[in-house]
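A.B. asks: Right, I'll just put the structure down here and ask away after.
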Amino acid sequence: NAGVTQTPKFRVLKTGQSMTLLCAQDMNHEYMYWYRQDPGMGLRLIHYSVGEGTTAKGEVPDGYNVSRLKKQNFLLGLESAAPSQTSVYFCASSYGEGTFGYEQFFGPGTRLTVL
Amino acid sequence: AQRVTQPEKLLSVFKGAPVELKCNYSYSGSPELFWYVQYSRQRLQLLLRHISRESIKGFTADLNKGETSFHLKKPFAQEEDSAMYYCALTRLITANAGGTSYGKLTFGQGTILTVHP
């Protein structure tokens with residue numbers, strides 16, 4: 001099993017450009033999450049999903065959109081990138097429910113730079 | 001609202017010395033607390049959970065509800081313990097015959113631990 005995978009690993013954008021980050025998991029998890037990691041700020045939740053076709057806002061959703069058309073995929077979109085979105089983005093998934101529903105499994109991260 | 005605070009961004013110790021990574025939380029209900037770890041060039045992963053009361057890689061963490069703390073401790077640090085450590089909190093939403101479900105994780109700011117030889 002690959003676990004949680006993220007595409008791409010690195011990306012450099014110019015201000016105003018758009019892009020989509022793809023997250024895929026093969027663990028049949030219901031819940032999926034997008035975080036950003038910034039120095040001194042820790043991990044902050046951008047958006048999350050508790051099932052196929054559902055999405056919800058996290059702590060820092062502005063400037064991002066998400067979609068969960070398939071259970072195994074969770075897409076994070078930046079419509080008009082800004083330098084403040086320069087960060088490392090992590091996707092995670094979890095069962096969310098059940099005895100071990102608390103544990104989140106993380107992808108390797110995507111390092112995004114916006115010039 | 002729930003909040004997790006890790007007051008130390010950086011922590012350096014020598015091999016064999018005791019280490020304590022501090023974590024304080026604020027939450028009005030009954031929290032579920034965890035420590036996650038990210039070793040160099042590896043993914044963030046769960047290290048331990050308070051309710052399990054287990055020792056993982058020599059680390060333990062005790063939940064002190066009076067002080068709202070969940071500090072991570074190890075009596076003798078090793079070089080391979082060098083990593084970024086995150087304290088995290090969630091809540092138990094339901095726990096009944098219908099099943100158990102958990103809320104979102106709130107992470108602290110993280111502490112980079114460096115263990116020198």
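FYI, nothing fancy with the structure tokens labels: chains A, B, ... in order, residues from 1 per chain, ligands from 1 as they appear.
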Write out as a Markdown table a residue-level contact list of chain B versus chain A with cut-off 7 Å: for each qualifying residue the closest pair of atoms and the distance in Å to one decimal, counting only C-alpha atoms, rows sorted by chain and residue number upward.

C.D. replies:
```
| residue | atom | partner | partner_atom | distance |
| --- | --- | --- | --- | --- |
| B:Arg43 | CA | A:Pro108 | CA | 5.4 |
| B:Leu44 | CA | A:Phe106 | CA | 5.9 |
| B:Gln45 | CA | A:Phe105 | CA | 6.6 |
| B:Leu46 | CA | A:Glu103 | CA | 7.0 |
| B:Gly99 | CA | A:Gly98 | CA | 6.0 |
| B:Thr100 | CA | A:Gly98 | CA | 4.8 |
| B:Ser101 | CA | A:Glu97 | CA | 4.1 |
| B:Tyr102 | CA | A:Gly96 | CA | 5.7 |
| B:Phe107 | CA | A:Leu43 | CA | 5.9 |
| B:Gly108 | CA | A:Gly42 | CA | 5.8 |
| B:Gln109 | CA | A:Gly42 | CA | 3.7 |
| B:Gly110 | CA | A:Gly42 | CA | 5.5 |
```

A.B. asks: Would you please give, as a PyMOL selection string, all residues of chain A that DSSP assigns to strand (DSSP E) based on the backbone?

C.D. replies: chain A and resi 4-7+10-13+19-25+31-38+42-49+56-57+65-67+73-78+87-94+105-106+110-114

A.B. asks: Rounded to one decimal, what separation in Å do you get between atom CA of A:Asp26 and atom CA of A:Leu76?

C.D. replies: 17.9 Å

A.B. asks: Report the residues of chain B whose backbone DSSP state falls under helix (DSSP H, G or I), written as a PyMOL selection string.

C.D. replies: chain B and resi 50-52+79-81

A.B. asks: Restricting the calculation to only C-alpha atoms, which member of A:Leu75, A:Val12, A:Val66, A:Ala2 is positioned closest to A:Val88?

C.D. replies: A:Val12

A.B. asks: Can you pull out the residues contacting B:Val37? Cut-off 10 Å, using only C-alpha atoms, and skip same-chain residues under 5 positions away; I want them as a list in words.

C.D. replies: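 Skipping anything fewer than 5 positions along the chain leaves Gln42, Arg43, Leu44, Gln45, Leu46, Leu47, Leu48, Asp81, Ser82, Ala83, Met84, Tyr85, Tyr86, Cys87, Gly110, Thr111 and Ile112 of chain B.
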
A.B. asks: Quick one: residues within 7 Å of A:Ala81, only C-alpha atoms, excluding same-chain residues fewer than 4 positions away - as a PyMOL selection string?

C.D. replies: chain A and resi 15-18+85+114

A.B. asks: Could you give me, as a list in words, the residues within 8 Å of B:Pro117, counting only C-alpha atoms and dropping anything in the same chain fewer than 3 positions from it?

C.D. replies: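 The contact residues come out as Phe14, Lys15 and Glu79 of chain B.
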
A.B. asks: Include N, CA, C and O atoms and write out the residues we just selected as a short mmCIF file (atom, residue, chain, number, x, y, z; two decimals), in the first residue's frame.

C.D. replies:
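Output saved as again_21.cif:
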```cif
data_model
loop_
_atom_site.label_atom_id
_atom_site.label_comp_id
_atom_site.auth_asym_id
_atom_site.auth_seq_id
_atom_site.Cartn_x
_atom_site.Cartn_y
_atom_site.Cartn_z
N PHE B 14 22.17 16.87 25.12
CA PHE B 14 23.22 15.93 24.76
C PHE B 14 22.72 14.50 24.94
O PHE B 14 21.84 14.23 25.75
N LYS B 15 23.30 13.64 24.15
CA LYS B 15 22.96 12.22 24.22
C LYS B 15 23.08 11.72 25.65
O LYS B 15 24.07 12.02 26.34
N GLU B 79 20.55 10.16 19.79
CA GLU B 79 20.70 11.01 18.61
C GLU B 79 19.55 10.80 17.63
O GLU B 79 19.12 11.76 16.98
#
```

A.B. asks: What is the distance, in Å and to one decimal place, between atom CA of B:Ala77 and atom CA of B:Val4?

C.D. replies: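 Separation of atom CA of B:Ala77 and atom CA of B:Val4: 24.1 Å.
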
A.B. asks: In Å, rounded to a single decimal, give me how far atom CA of B:Gly66 is from atom CA of B:Ala1.

C.D. replies: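 So the two atoms, atom CA of B:Ala1 and atom CA of B:Gly66, lie 18.3 Å apart.
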
A.B. asks: For A:Lys57, which residue out of A:Trp34, A:Tyr89, A:His29, A:Asn73 is the nearest one, using only C-alpha atoms?

C.D. replies: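 Checking each of A:Trp34, A:Tyr89, A:His29, A:Asn73 against A:Lys57, counting only C-alpha atoms, the winner is A:Trp34.
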
A.B. asks: Neighbours of B:Leu105 within 7 Å (only C-alpha atoms; same-chain residues fewer than 4 positions away dropped), as a PDB file with N, CA, C and O atoms, in the first residue's frame?

C.D. replies:
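The resulting file, result.pdb, is reproduced below:
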```pdb
ATOM      1  N   ALA B  88      -0.766  17.429  19.817  1.00  0.00           N
ATOM      2  CA  ALA B  88      -2.041  17.622  19.122  1.00  0.00           C
ATOM      3  C   ALA B  88      -3.205  17.217  20.011  1.00  0.00           C
ATOM      4  O   ALA B  88      -3.076  16.338  20.874  1.00  0.00           O
ATOM      5  N   LEU B  89      -4.339  17.840  19.757  1.00  0.00           N
ATOM      6  CA  LEU B  89      -5.519  17.618  20.582  1.00  0.00           C
ATOM      7  C   LEU B  89      -6.740  17.402  19.694  1.00  0.00           C
ATOM      8  O   LEU B  89      -6.906  18.056  18.667  1.00  0.00           O
ATOM      9  N   THR B  90      -7.582  16.486  20.099  1.00  0.00           N
ATOM     10  CA  THR B  90      -8.866  16.332  19.454  1.00  0.00           C
ATOM     11  C   THR B  90      -9.899  16.030  20.534  1.00  0.00           C
ATOM     12  O   THR B  90      -9.574  15.997  21.713  1.00  0.00           O
TER      13      THR B  90
END
```

A.B. asks: Leaving out B:Arg91 and any residue of its chain fewer than 2 positions from it, which residues lie within 7 Å of it when counting only C-alpha atoms, given as a short mmCIF file (atom, residue, chain, number, x, y, z; two decimals) with all heavy atoms, in the first residue's frame?

C.D. replies:
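Output saved as out-v9.cif:
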```cif
data_model
loop_
_atom_site.label_atom_id
_atom_site.label_comp_id
_atom_site.auth_asym_id
_atom_site.auth_seq_id
_atom_site.Cartn_x
_atom_site.Cartn_y
_atom_site.Cartn_z
N SER B 30 -13.37 17.14 27.58
CA SER B 30 -12.39 16.10 27.89
C SER B 30 -11.57 15.82 26.65
O SER B 30 -12.08 15.29 25.68
CB SER B 30 -13.11 14.82 28.35
OG SER B 30 -12.18 13.83 28.71
N PRO B 31 -10.29 16.20 26.66
CA PRO B 31 -9.50 16.11 25.42
C PRO B 31 -8.89 14.73 25.19
O PRO B 31 -8.68 13.96 26.12
CB PRO B 31 -8.40 17.14 25.67
CG PRO B 31 -8.16 17.04 27.14
CD PRO B 31 -9.51 16.77 27.76
N GLU B 32 -8.62 14.50 23.93
CA GLU B 32 -7.79 13.38 23.53
C GLU B 32 -6.47 14.00 23.06
O GLU B 32 -6.48 14.84 22.18
CB GLU B 32 -8.43 12.61 22.36
CG GLU B 32 -9.75 11.95 22.68
CD GLU B 32 -9.56 10.53 23.17
OE1 GLU B 32 -8.46 9.98 23.01
OE2 GLU B 32 -10.54 9.98 23.72
N LEU B 89 -4.34 17.84 19.76
CA LEU B 89 -5.52 17.62 20.58
C LEU B 89 -6.74 17.40 19.69
O LEU B 89 -6.91 18.06 18.67
CB LEU B 89 -5.74 18.86 21.47
CG LEU B 89 -6.93 18.96 22.39
CD1 LEU B 89 -6.59 19.91 23.53
CD2 LEU B 89 -8.17 19.47 21.69
N ILE B 93 -16.19 12.76 19.84
CA ILE B 93 -17.52 13.28 19.52
C ILE B 93 -18.60 12.34 20.00
O ILE B 93 -19.55 12.74 20.67
CB ILE B 93 -17.66 13.52 17.99
CG1 ILE B 93 -16.66 14.58 17.54
CG2 ILE B 93 -19.09 13.92 17.65
CD1 ILE B 93 -16.66 14.79 16.04
N TYR B 102 -14.28 10.94 16.15
CA TYR B 102 -13.37 11.95 16.70
C TYR B 102 -13.44 13.23 15.88
O TYR B 102 -13.71 13.21 14.68
CB TYR B 102 -11.93 11.43 16.68
CG TYR B 102 -11.73 10.23 17.56
CD1 TYR B 102 -11.98 8.95 17.10
CD2 TYR B 102 -11.31 10.39 18.88
CE1 TYR B 102 -11.82 7.84 17.91
CE2 TYR B 102 -11.14 9.29 19.70
CZ TYR B 102 -11.40 8.02 19.21
OH TYR B 102 -11.24 6.94 20.02
N GLY B 103 -13.15 14.33 16.55
CA GLY B 103 -13.13 15.63 15.89
C GLY B 103 -11.81 15.89 15.20
O GLY B 103 -10.92 15.04 15.15
#
```
